[in-house]
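Asker: So I've got this file, protein.csv, and it contains CSV, C-alpha atoms:
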chain,number,residue,atom,x,y,z
A,164,MET,CA,113.6,119.7,94.7
A,165,ALA,CA,113.8,117.9,91.3
A,166,ASP,CA,116.5,118.8,88.8
A,167,GLN,CA,115.0,121.5,86.6
A,168,SER,CA,117.6,121.2,83.9
A,169,LEU,CA,115.9,118.0,82.7
A,170,ALA,CA,112.4,119.4,82.7
A,171,ASP,CA,112.1,119.8,79.0
A,172,GLN,CA,112.8,116.2,78.2
A,173,THR,CA,110.1,113.8,77.0
A,174,PRO,CA,108.5,111.6,79.6
A,175,PRO,CA,109.4,107.9,79.3
A,176,SER,CA,106.0,106.3,79.0
A,177,THR,CA,102.6,106.9,77.4
A,178,ALA,CA,101.2,105.9,80.8
A,179,MET,CA,102.0,109.5,81.8
A,180,GLN,CA,99.0,110.6,79.8
A,181,SER,CA,96.6,108.7,82.0
A,182,LEU,CA,95.7,111.6,84.3
A,183,SER,CA,93.8,113.4,81.5
A,184,ILE,CA,90.5,114.7,82.8
A,185,ASN,CA,88.9,114.6,79.3
A,186,SER,CA,88.4,110.8,79.1
A,187,GLN,CA,85.2,109.6,77.7
A,188,PRO,CA,82.3,109.1,80.2
A,189,SER,CA,81.5,105.5,81.2
A,190,SER,CA,78.1,104.0,80.9
A,191,SER,CA,78.1,103.4,84.7
A,192,SER,CA,78.5,107.0,85.7
A,193,THR,CA,76.4,108.6,88.5
A,194,PRO,CA,74.0,111.0,86.8
A,195,GLN,CA,71.7,111.2,89.9
A,196,LEU,CA,74.3,113.3,91.7
A,197,SER,CA,75.4,116.8,90.7
A,198,VAL,CA,79.0,117.7,90.4
A,199,GLU,CA,78.7,119.7,93.6
A,200,GLU,CA,77.2,116.8,95.5
A,201,ARG,CA,79.9,114.4,94.3
A,202,PHE,CA,82.6,117.0,95.3
A,203,ARG,CA,81.2,117.2,98.8
A,204,ILE,CA,81.2,113.4,99.2
A,205,ILE,CA,84.7,112.9,97.9
A,206,ARG,CA,86.1,115.9,99.7
A,207,ASN,CA,84.7,114.6,103.0
A,208,VAL,CA,87.0,111.6,102.7
A,209,GLY,CA,90.1,113.7,103.1
A,210,GLU,CA,91.5,115.8,106.0
A,211,GLU,CA,93.4,117.7,103.3
A,212,CYS,CA,92.9,118.2,99.6
A,213,ILE,CA,95.5,119.5,97.1
A,214,GLN,CA,93.9,121.2,95.3
A,215,GLU,CA,90.1,121.6,95.7
A,216,GLY,CA,89.7,123.6,92.5
A,217,GLU,CA,91.4,120.8,90.6
A,218,LEU,CA,89.1,118.2,92.2
A,219,LEU,CA,86.0,120.2,91.1
A,220,ASN,CA,87.4,120.6,87.6
A,221,LEU,CA,88.2,116.9,87.4
A,222,LEU,CA,84.6,115.9,88.5
A,223,THR,CA,83.2,118.4,85.9
A,224,HIS,CA,85.0,116.6,83.1
A,225,LYS,CA,85.3,113.0,84.2
A,226,PRO,CA,82.3,111.1,85.6
A,227,GLU,CA,84.4,108.2,86.8
A,228,PRO,CA,87.8,109.4,88.2
A,229,ILE,CA,90.3,106.8,89.3
A,230,CYS,CA,91.4,106.8,92.9
A,231,TYR,CA,94.2,104.8,94.3
A,232,ASP,CA,95.4,103.7,97.7
A,233,GLY,CA,98.2,101.3,98.5
A,234,PHE,CA,98.9,99.0,101.4
A,235,GLU,CA,102.0,97.0,102.4
A,236,PRO,CA,100.9,93.5,103.6
A,237,SER,CA,102.8,93.8,106.8
A,238,GLY,CA,100.8,92.1,109.5
A,239,ARG,CA,97.3,92.0,111.0
A,240,MET,CA,94.9,94.7,110.0
A,241,HIS,CA,93.9,97.4,112.5
A,242,ILE,CA,90.6,99.1,112.5
A,243,ALA,CA,91.7,102.3,110.7
A,244,GLN,CA,93.0,100.3,107.8
A,245,GLY,CA,89.9,98.1,107.8
A,246,VAL,CA,86.8,100.1,108.8
A,247,MET,CA,87.9,103.6,107.9
A,248,LYS,CA,89.1,102.4,104.5
A,249,ALA,CA,85.8,100.7,103.8
A,250,ILE,CA,83.9,103.8,104.8
A,251,SER,CA,86.1,105.9,102.5
A,252,VAL,CA,85.9,103.5,99.5
A,253,ASN,CA,82.2,103.3,99.8
A,254,LYS,CA,81.9,107.1,99.8
A,255,LEU,CA,84.2,107.3,96.7
A,256,THR,CA,82.3,104.7,94.7
A,257,SER,CA,79.0,106.2,95.7
A,258,ALA,CA,80.2,109.5,94.1
A,259,GLY,CA,81.1,107.7,90.9
A,260,CYS,CA,84.8,107.0,91.5
A,261,ARG,CA,86.7,103.8,90.5
A,262,VAL,CA,89.1,102.7,93.2
A,263,LYS,CA,92.3,100.8,92.7
A,264,ILE,CA,93.7,99.2,95.9
A,265,TRP,CA,97.4,98.5,95.4
A,266,ILE,CA,98.4,95.4,97.4
A,267,ALA,CA,102.1,96.5,97.6
A,268,ASP,CA,103.7,93.1,98.1
A,269,TRP,CA,107.0,94.1,96.4
A,270,PHE,CA,107.1,97.3,98.5
A,271,ALA,CA,106.6,95.3,101.7
A,272,GLN,CA,109.6,93.2,100.7
A,273,LEU,CA,111.7,96.3,99.9
A,274,ASN,CA,110.8,97.6,103.4
A,275,ASN,CA,111.7,94.3,105.1
A,276,LYS,CA,108.2,93.5,106.3
A,277,MET,CA,107.7,89.9,107.2
A,278,GLY,CA,111.5,89.7,107.2
A,279,GLY,CA,111.4,90.2,103.4
A,280,ASP,CA,109.7,86.8,102.9
A,281,LEU,CA,107.5,87.4,99.8
A,282,LYS,CA,105.5,84.2,100.3
A,283,LYS,CA,104.4,85.4,103.8
A,284,ILE,CA,103.7,88.9,102.4
A,285,LYS,CA,101.4,87.4,99.8
A,286,ILE,CA,99.5,85.4,102.5
A,287,VAL,CA,99.0,88.7,104.5
A,288,GLY,CA,97.8,90.4,101.3
A,289,GLN,CA,95.1,87.7,100.8
A,290,TYR,CA,94.1,88.1,104.5
A,291,LEU,CA,93.7,91.9,103.9
A,292,ILE,CA,91.3,91.3,101.0
A,293,GLU,CA,89.3,88.9,103.0
A,294,ILE,CA,88.8,91.5,105.7
A,295,TRP,CA,87.7,94.2,103.4
A,296,LYS,CA,85.1,91.9,101.8
A,297,ALA,CA,83.8,90.8,105.2
A,298,VAL,CA,83.5,94.3,106.8
A,299,GLY,CA,81.3,95.6,104.1
A,300,MET,CA,83.4,97.3,101.5
A,301,ASP,CA,81.0,97.7,98.5
A,302,LEU,CA,82.7,95.6,95.8
A,303,ASN,CA,80.3,96.8,93.1
A,304,GLY,CA,82.5,96.5,90.1
A,305,LYS,CA,84.2,99.8,90.9
A,306,VAL,CA,86.9,98.4,93.2
A,307,GLU,CA,90.0,96.5,92.0
A,308,PHE,CA,92.6,94.8,94.1
A,309,LEU,CA,95.9,94.8,92.2
A,310,TRP,CA,99.1,93.1,93.3
A,311,SER,CA,102.1,95.2,92.6
A,312,SER,CA,104.3,92.3,91.7
A,313,ASP,CA,101.9,91.0,89.1
A,314,GLU,CA,101.1,94.4,87.6
A,315,ILE,CA,104.7,95.5,87.4
A,316,ASN,CA,105.9,92.3,85.9
A,317,SER,CA,103.1,92.4,83.2
A,318,ARG,CA,104.0,95.9,82.2
A,319,ALA,CA,107.7,96.1,83.1
A,320,SER,CA,108.7,98.1,80.0
A,321,GLU,CA,106.2,100.8,81.0
A,322,TYR,CA,106.9,100.8,84.8
A,323,TRP,CA,110.7,100.8,85.1
A,324,PRO,CA,111.6,103.6,82.7
A,325,LEU,CA,109.1,105.7,84.7
A,326,VAL,CA,110.8,104.8,88.0
A,327,MET,CA,114.2,105.6,86.5
A,328,ASP,CA,113.1,108.9,85.2
A,329,ILE,CA,111.7,110.0,88.6
A,330,ALA,CA,114.9,108.8,90.3
A,331,ARG,CA,117.2,110.7,88.0
A,332,ARG,CA,115.2,113.9,88.2
A,333,ASN,CA,115.4,114.1,92.0
A,334,LYS,CA,118.3,114.6,94.4
A,335,LEU,CA,118.8,112.0,97.2
A,336,PRO,CA,117.8,114.4,100.0
A,337,ARG,CA,114.4,114.9,98.3
A,338,ILE,CA,113.8,111.2,98.2
A,339,MET,CA,114.9,110.7,101.7
A,340,ARG,CA,112.4,113.3,102.9
A,341,CYS,CA,109.7,110.8,101.7
A,342,CYS,CA,110.9,108.0,104.0
A,343,GLN,CA,108.0,108.7,106.3
A,344,ILE,CA,105.8,106.7,103.8
A,345,MET,CA,107.6,103.6,104.9
A,346,GLY,CA,107.3,104.3,108.6
A,347,ARG,CA,110.9,105.5,108.7
A,348,SER,CA,112.7,108.7,109.5
A,349,GLU,CA,115.5,110.6,107.7
A,350,GLN,CA,117.7,109.7,110.7
A,351,ASP,CA,117.2,105.9,110.2
A,352,GLU,CA,119.9,103.9,108.5
A,353,LEU,CA,118.1,103.2,105.2
A,354,SER,CA,118.9,100.3,102.9
A,355,ALA,CA,119.4,100.9,99.2
A,356,ALA,CA,116.0,99.2,98.7
A,357,GLN,CA,114.3,101.8,100.9
A,358,ILE,CA,115.8,104.6,98.7
A,359,LEU,CA,114.2,103.0,95.7
A,360,TYR,CA,110.8,102.7,97.4
A,361,PRO,CA,109.7,106.3,97.1
A,362,CYS,CA,110.6,106.5,93.4
A,363,MET,CA,108.5,103.4,92.8
A,364,GLN,CA,105.6,104.7,94.9
A,365,CYS,CA,105.7,108.0,93.0
A,366,ALA,CA,105.6,106.0,89.7
A,367,ASP,CA,102.6,104.0,90.9
A,368,VAL,CA,100.4,107.1,90.7
A,369,PHE,CA,101.0,107.4,86.9
A,370,PHE,CA,101.3,103.6,86.3
A,371,LEU,CA,97.8,103.1,87.8
A,372,LYS,CA,96.3,106.0,85.8
A,373,ALA,CA,95.3,107.6,89.1
A,374,ASP,CA,93.4,111.0,89.1
A,375,ILE,CA,93.2,111.0,92.9
A,376,CYS,CA,95.8,109.8,95.4
A,377,GLN,CA,93.6,108.8,98.4
A,378,LEU,CA,96.1,107.8,101.0
A,379,GLY,CA,96.8,108.8,104.6
A,380,MET,CA,98.4,112.0,105.8
A,381,ASP,CA,101.6,110.0,106.4
A,382,GLN,CA,101.9,109.4,102.6
A,383,ARG,CA,101.6,113.1,101.7
A,384,LYS,CA,105.2,113.7,100.9
A,385,VAL,CA,105.5,111.2,98.1
A,386,ASN,CA,102.2,112.4,96.6
A,387,VAL,CA,103.6,115.9,96.5
A,388,LEU,CA,106.6,114.4,94.8
A,389,ALA,CA,104.3,113.1,92.1
A,390,ARG,CA,102.9,116.6,91.6
A,391,GLU,CA,106.4,118.1,91.5
A,392,TYR,CA,107.3,115.5,88.8
A,393,CYS,CA,104.4,116.8,86.7
A,394,ASP,CA,106.0,120.2,87.0
A,395,ASP,CA,109.3,118.8,85.9
A,396,ILE,CA,107.9,117.2,82.7
A,397,LYS,CA,105.6,120.1,82.1
A,398,ARG,CA,102.4,118.1,82.6
A,399,LYS,CA,99.3,120.2,83.2
A,400,ASN,CA,97.0,117.6,84.9
A,401,LYS,CA,98.5,116.7,88.2
A,402,PRO,CA,97.2,114.0,90.6
A,403,ILE,CA,94.9,115.4,93.2
A,404,ILE,CA,96.0,114.5,96.8
A,405,LEU,CA,93.2,113.6,99.1
A,406,SER,CA,94.8,112.6,102.4
A,407,HIS,CA,92.7,111.0,105.1
A,408,HIS,CA,93.1,111.4,108.9
A,409,MET,CA,95.4,109.2,110.8
A,410,LEU,CA,93.7,107.6,113.7
A,411,PRO,CA,96.0,107.7,116.9
A,412,GLY,CA,97.0,104.8,119.1
A,413,LEU,CA,94.9,104.0,122.1
A,414,GLN,CA,97.5,104.9,124.7
A,415,GLN,CA,98.5,108.5,125.7
A,416,GLY,CA,100.8,110.2,123.2
A,417,GLN,CA,100.6,107.5,120.5
A,418,GLU,CA,100.3,109.5,117.3
A,419,LYS,CA,99.4,106.4,115.2
A,420,MET,CA,98.5,102.8,115.6
A,421,SER,CA,101.3,100.2,115.6
A,422,LYS,CA,101.0,96.6,114.4
A,423,SER,CA,104.0,95.7,116.6
A,424,ASP,CA,102.1,97.0,119.7
A,425,PRO,CA,98.8,95.1,120.1
A,426,SER,CA,97.6,97.5,122.9
A,427,SER,CA,97.8,100.5,120.6
A,428,SER,CA,94.9,99.5,118.4
A,429,ILE,CA,91.9,97.3,117.7
A,430,PHE,CA,92.6,94.6,115.2
A,431,MET,CA,89.8,93.7,112.8
A,432,GLU,CA,89.4,90.1,114.1
A,433,ASP,CA,89.8,90.9,117.8
A,434,GLU,CA,87.3,89.0,119.9
A,435,GLU,CA,84.7,90.9,121.8
A,436,ALA,CA,86.5,90.5,125.1
A,437,GLU,CA,89.7,91.8,123.6
A,438,VAL,CA,88.0,94.9,122.3
A,439,ASN,CA,86.4,95.5,125.7
A,440,VAL,CA,89.7,95.2,127.5
A,441,LYS,CA,91.6,97.5,125.1
A,442,ILE,CA,89.0,100.2,125.2
A,443,LYS,CA,88.8,99.9,129.0
A,444,LYS,CA,92.5,100.5,129.2
A,445,ALA,CA,92.6,103.3,126.6
A,446,TYR,CA,93.5,106.8,127.4
A,447,CYS,CA,90.3,108.8,127.9
A,448,PRO,CA,90.7,111.7,130.4
A,449,PRO,CA,87.5,113.2,131.8
A,450,LYS,CA,86.4,116.5,130.1
A,451,ILE,CA,89.4,116.4,127.8
A,452,VAL,CA,88.7,116.2,124.0
A,453,GLU,CA,92.1,117.1,122.5
A,454,GLY,CA,94.4,114.0,122.2
A,455,ASN,CA,91.6,111.7,123.3
A,456,PRO,CA,91.8,108.5,121.2
A,457,CYS,CA,88.4,107.2,122.3
A,458,LEU,CA,86.7,110.4,121.0
A,459,GLU,CA,88.7,110.1,117.7
A,460,TYR,CA,87.4,106.5,117.3
A,461,ILE,CA,83.8,107.8,117.8
A,462,LYS,CA,84.3,110.7,115.3
A,463,TYR,CA,86.0,108.8,112.5
A,464,ILE,CA,84.5,105.3,112.9
A,465,ILE,CA,81.2,105.3,114.9
A,466,PHE,CA,79.5,108.4,113.5
A,467,PRO,CA,80.3,107.6,109.9
A,468,TRP,CA,79.1,104.0,110.3
A,469,PHE,CA,76.0,104.5,112.4
A,470,ASN,CA,75.2,108.2,112.0
A,471,GLU,CA,74.8,108.3,115.8
A,472,PHE,CA,76.4,107.3,119.1
A,473,ARG,CA,74.3,105.6,121.7
A,474,VAL,CA,75.3,105.6,125.4
A,475,GLU,CA,73.5,103.3,127.8
A,476,ARG,CA,73.7,104.3,131.5
A,477,SER,CA,71.7,104.2,134.7
A,478,ALA,CA,69.1,106.8,135.5
A,479,GLY,CA,71.3,108.0,138.3
A,480,ASN,CA,74.0,108.9,135.8
A,481,GLY,CA,71.6,110.7,133.5
A,482,GLY,CA,69.9,107.8,131.7
A,483,ASP,CA,70.4,106.6,128.1
A,484,LYS,CA,71.5,109.2,125.6
A,485,THR,CA,71.8,109.1,121.8
A,486,PHE,CA,74.1,111.7,120.2
A,487,LYS,CA,73.3,112.6,116.6
A,488,ASN,CA,76.5,114.4,115.8
A,489,PHE,CA,80.0,114.7,117.2
A,490,GLU,CA,79.7,118.3,118.2
A,491,GLU,CA,76.9,117.4,120.6
A,492,LEU,CA,79.0,114.7,122.1
A,493,VAL,CA,81.9,117.0,122.6
A,494,SER,CA,79.8,119.5,124.4
A,495,TYR,CA,78.5,116.9,126.8
A,496,TYR,CA,81.9,115.4,127.4
A,497,GLU,CA,83.7,118.7,128.0
A,498,SER,CA,81.0,119.7,130.5
A,499,GLY,CA,81.4,116.5,132.5
A,500,GLU,CA,77.8,115.4,131.7
A,501,LEU,CA,79.3,112.3,130.0
A,502,HIS,CA,81.9,110.4,132.0
A,503,PRO,CA,84.6,108.0,130.5
A,504,GLY,CA,83.0,105.2,132.5
A,505,ASP,CA,79.9,105.5,130.4
A,506,LEU,CA,81.5,106.5,127.1
A,507,LYS,CA,83.9,103.5,127.0
A,508,PRO,CA,81.4,100.7,127.3
A,509,ALA,CA,79.3,102.4,124.6
A,510,LEU,CA,82.3,102.7,122.3
A,511,SER,CA,83.1,99.0,122.9
A,512,ARG,CA,79.5,97.9,122.0
A,513,ALA,CA,79.5,99.9,118.8
A,514,LEU,CA,82.9,98.6,117.7
A,515,ASN,CA,82.0,95.0,118.4
A,516,LYS,CA,78.8,95.4,116.4
A,517,ILE,CA,80.9,96.6,113.4
A,518,LEU,CA,83.5,93.8,113.8
A,519,GLN,CA,81.1,90.9,114.4
A,520,PRO,CA,80.7,90.1,110.6
A,521,VAL,CA,84.4,89.9,110.3
A,522,ARG,CA,84.7,87.6,113.2
A,523,ASP,CA,81.9,85.4,111.8
A,524,HIS,CA,83.7,85.3,108.4
A,525,PHE,CA,87.0,84.2,109.9
A,526,ASN,CA,85.3,81.6,112.2
A,527,ASN,CA,83.1,80.1,109.5
A,528,ASP,CA,85.1,80.3,106.2
A,529,ALA,CA,87.8,77.7,106.0
A,530,LYS,CA,90.1,79.7,103.7
A,531,ALA,CA,89.8,82.9,105.9
A,532,LYS,CA,90.4,80.9,109.1
A,533,ASP,CA,93.6,79.4,107.6
A,534,LEU,CA,94.8,82.8,106.5
A,535,LEU,CA,94.3,84.3,109.9
A,536,LYS,CA,96.1,81.4,111.6
A,537,ARG,CA,99.1,81.9,109.4
A,538,VAL,CA,99.2,85.7,109.7
A,539,LYS,CA,99.0,85.4,113.5
A,540,SER,CA,101.9,83.0,113.5
A,541,TYR,CA,104.2,85.5,111.6
A,542,ARG,CA,106.6,87.7,113.5
A,543,VAL,CA,106.0,91.4,112.7
A,544,THR,CA,109.2,93.0,111.5
A,545,LYS,CA,110.0,96.7,111.0
Output the structure of this file as structure tokens.

Answerer:
Amino acid sequence: MADQSLADQTPPSTAMQSLSINSQPSSSSTPQLSVEERFRIIRNVGEECIQEGELLNLLTHKPEPICYDGFEPSGRMHIAQGVMKAISVNKLTSAGCRVKIWIADWFAQLNNKMGGDLKKIKIVGQYLIEIWKAVGMDLNGKVEFLWSSDEINSRASEYWPLVMDIARRNKLPRIMRCCQIMGRSEQDELSAAQILYPCMQCADVFFLKADICQLGMDQRKVNVLAREYCDDIKRKNKPIILSHHMLPGLQQGQEKMSKSDPSSSIFMEDEEAEVNVKIKKAYCPPKIVEGNPCLEYIKYIIFPWFNEFRVERSAGNGGDKTFKNFEELVSYYESGELHPGDLKPALSRALNKILQPVRDHFNNDAKAKDLLKRVKSYRVTK
């Protein structure tokens, strides 16, 4: 826990006031949706929300809340980072939110991604942006891509005192409990840079004036640290944590996708044949829903994208079937009426339909093609 003896001291930066929910409405707010409708859309993005009452209060007072998510440019983009993020961002902006996507190049360097080579990290960051544009993220003036190195350098006198204040208010074990955010564990031998990392990510929340932290469940601990920091400095308005579901790897027992294991996930520019092979080899036991990555792909990618899941099969196997919701699909699958041999090709077809515009972009756009060639040539480092 943070050091309570310092709780009555003045916060180091006026940026700390950015979470106020009483900001003036913007002319581009979303009057056609009620507060309750906006709440339902935004809440649907997260598997967990801390706290729902605070979210409702925020939406009541602030038509355009600021949401933030951050990504280390650390290699090729998998489908959760690409498609699921695009779905989430489009939901958030449709409900009136502004979204700041933090391209965390300095953080990737701290975490030794791309061997700590900042030039390579920046190339990967440009590649990430190209994918989000190609897949259909609605860049309607409400989405900003911000490079951590540029933003921090431009407002260093605001950022570093905040990082230092967070660091001095917390004991080392509390910071080390956040190491999951870097894909590390408390048992790993961490560098000094990796101890600094959670303090910086906590500071990002306030530096970016974020009302809502919309990151994955694996980032939950540092977002909670930001709320604890608000307690320390006696700040009433805390960042709301909206944590999205983590899509598992395609093989049995893989809790999350891994960029260092190509068989564990679909990458955003995978060719059609590669997608077909990966799904064909994916773990998908008959009649078993729990821990079935193919069904998770359908629940979190296919249904949100198409609002249905269509299976094409021979008359002898029951004929074509279109599922309108996930519960109906689960019922069929658990009963054995739908076999993995029919589900997998249907999943591959749907995924390939989503990914085709990305493939087209990277095949036809010279800049994108060059970025992908470079990123594929880089060795992924942990």

Asker: For a quick check of your reading of the model, name the residues lying within 9 Å of the coordinate (108.0, 106.9, 95.2), counting only C-alpha atoms, and write them as a ChimeraX atom specification.

Answerer: /A:326,329-330,338,341,344,358-368,385-386,388-389

Asker: What is the atom CA of Met380 of chain A to atom CA of Glu235 of chain A distance in Å?

Answerer: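 Separating atom CA of Met380 of chain A from atom CA of Glu235 of chain A is a distance of 15.8 Å.
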
Asker: Rounded to one decimal in Å, what is the spacing between atom CA of Glu459 of chain A and atom CA of Leu219 of chain A?

Answerer: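 Spanning atom CA of Glu459 of chain A to atom CA of Leu219 of chain A is a straight-line distance of 28.6 Å.
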
Asker: Kindly extract all protein, DNA and RNA residues lying within 9 Å of the coordinates (82.9, 91.2, 115.3) given in the file, considering only C-alpha atoms, and supply them as a list of chain:residue names.

Answerer: A:Met431, A:Glu432, A:Asp433, A:Glu434, A:Glu435, A:Leu514, A:Asn515, A:Lys516, A:Ile517, A:Leu518, A:Gln519, A:Pro520, A:Val521, A:Arg522, A:Asp523

Asker: Using only C-alpha atoms, which residues sit within 9 Å of segment 309-314 of chain A once same-chain residues fewer than 3 positions away are excluded, as a PyMOL selection string?

Answerer: chain A and resi 263-270+285+288+317-319+367

Asker: What is the distance, in Å and to one decimal place, between atom CA of Asn207 of chain A and atom CA of Gly416 of chain A?

Answerer: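 Between these atoms lies a distance of 26.2 Å.
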
Asker: What lies within 12 Å of Asp424 of chain A using only C-alpha atoms, ignoring chain neighbours under 3 positions off, as a list of chain:residue names?

Answerer: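 Skipping anything fewer than 3 positions along the chain leaves A:Gly238, A:Arg239, A:His241, A:Gly412, A:Leu413, A:Gln414, A:Gln417, A:Lys419, A:Met420, A:Ser421, A:Ser427, A:Ser428, A:Ile429, A:Phe430, A:Lys441, A:Val543, A:Thr544, A:Lys545.
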
Asker: Dump C-alpha atoms for the selected residues as a PDB file, in the frame of the given file?

Answerer:
ATOM      1  CA  GLY A 238     100.800  92.100 109.500  1.00  0.00           C
ATOM      2  CA  ARG A 239      97.300  92.000 111.000  1.00  0.00           C
ATOM      3  CA  HIS A 241      93.900  97.400 112.500  1.00  0.00           C
ATOM      4  CA  GLY A 412      97.000 104.800 119.100  1.00  0.00           C
ATOM      5  CA  LEU A 413      94.900 104.000 122.100  1.00  0.00           C
ATOM      6  CA  GLN A 414      97.500 104.900 124.700  1.00  0.00           C
ATOM      7  CA  GLN A 417     100.600 107.500 120.500  1.00  0.00           C
ATOM      8  CA  LYS A 419      99.400 106.400 115.200  1.00  0.00           C
ATOM      9  CA  MET A 420      98.500 102.800 115.600  1.00  0.00           C
ATOM     10  CA  SER A 421     101.300 100.200 115.600  1.00  0.00           C
ATOM     11  CA  SER A 427      97.800 100.500 120.600  1.00  0.00           C
ATOM     12  CA  SER A 428      94.900  99.500 118.400  1.00  0.00           C
ATOM     13  CA  ILE A 429      91.900  97.300 117.700  1.00  0.00           C
ATOM     14  CA  PHE A 430      92.600  94.600 115.200  1.00  0.00           C
ATOM     15  CA  LYS A 441      91.600  97.500 125.100  1.00  0.00           C
ATOM     16  CA  VAL A 543     106.000  91.400 112.700  1.00  0.00           C
ATOM     17  CA  THR A 544     109.200  93.000 111.500  1.00  0.00           C
ATOM     18  CA  LYS A 545     110.000  96.700 111.000  1.00  0.00           C
TER      19      LYS A 545
END

Asker: So which residues touch Glu217 of chain A within 12 Å, counting only C-alpha atoms, skipping near sequence neighbours fewer than 3 positions away, as a ChimeraX atom specification?

Answerer: /A:182-184,202,206,212-214,220-225,374-375,399-405

Asker: If we count all atoms listed in the file, what is near segment 250-261 of chain A at a cut-off of 7 Å, once residues fewer than 6 positions away on the same chain are taken out, given as an mmCIF file with C-alpha atoms, in the coordinates of the input?

Answerer:
data_model
loop_
_atom_site.group_PDB
_atom_site.id
_atom_site.type_symbol
_atom_site.label_atom_id
_atom_site.label_comp_id
_atom_site.auth_asym_id
_atom_site.auth_seq_id
_atom_site.Cartn_x
_atom_site.Cartn_y
_atom_site.Cartn_z
ATOM 1 C CA SER A 192 78.500 107.000 85.700
ATOM 2 C CA THR A 193 76.400 108.600 88.500
ATOM 3 C CA ARG A 201 79.900 114.400 94.300
ATOM 4 C CA ILE A 204 81.200 113.400 99.200
ATOM 5 C CA ILE A 205 84.700 112.900 97.900
ATOM 6 C CA VAL A 208 87.000 111.600 102.700
ATOM 7 C CA PRO A 226 82.300 111.100 85.600
ATOM 8 C CA GLU A 227 84.400 108.200 86.800
ATOM 9 C CA PRO A 228 87.800 109.400 88.200
ATOM 10 C CA ILE A 229 90.300 106.800 89.300
ATOM 11 C CA CYS A 230 91.400 106.800 92.900
ATOM 12 C CA MET A 300 83.400 97.300 101.500
ATOM 13 C CA ASP A 301 81.000 97.700 98.500
ATOM 14 C CA LYS A 305 84.200 99.800 90.900
ATOM 15 C CA VAL A 306 86.900 98.400 93.200
#

Asker: If we count all atoms listed in the file, what is near Leu510 of chain A at a cut-off of 9 Å, once residues fewer than 3 positions away on the same chain are taken out, given as a list in words?

Answerer: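 The contact residues come out as Asn439, Ile442, Cys457, Leu458, Tyr460, Ile461, Ile465, Phe472, Arg473, Val474, Asp505, Leu506, Lys507, Ala513, Leu514 and Asn515 of chain A.
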
Asker: With distances taken over all atoms listed in the file, which of A:Cys393, A:Cys342, A:Val198, A:Ala249 is nearest to Ser354 of chain A?

Answerer: A:Cys342

Asker: From the set A:Lys462, A:Arg512, A:Arg476, A:Lys282, which residue has the shortest atom-to-atom contact distance to Glu490 of chain A, counting all atoms listed in the file?

Answerer: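 Ranking A:Lys462, A:Arg512, A:Arg476, A:Lys282 by distance to Glu490 of chain A, first place goes to A:Lys462.
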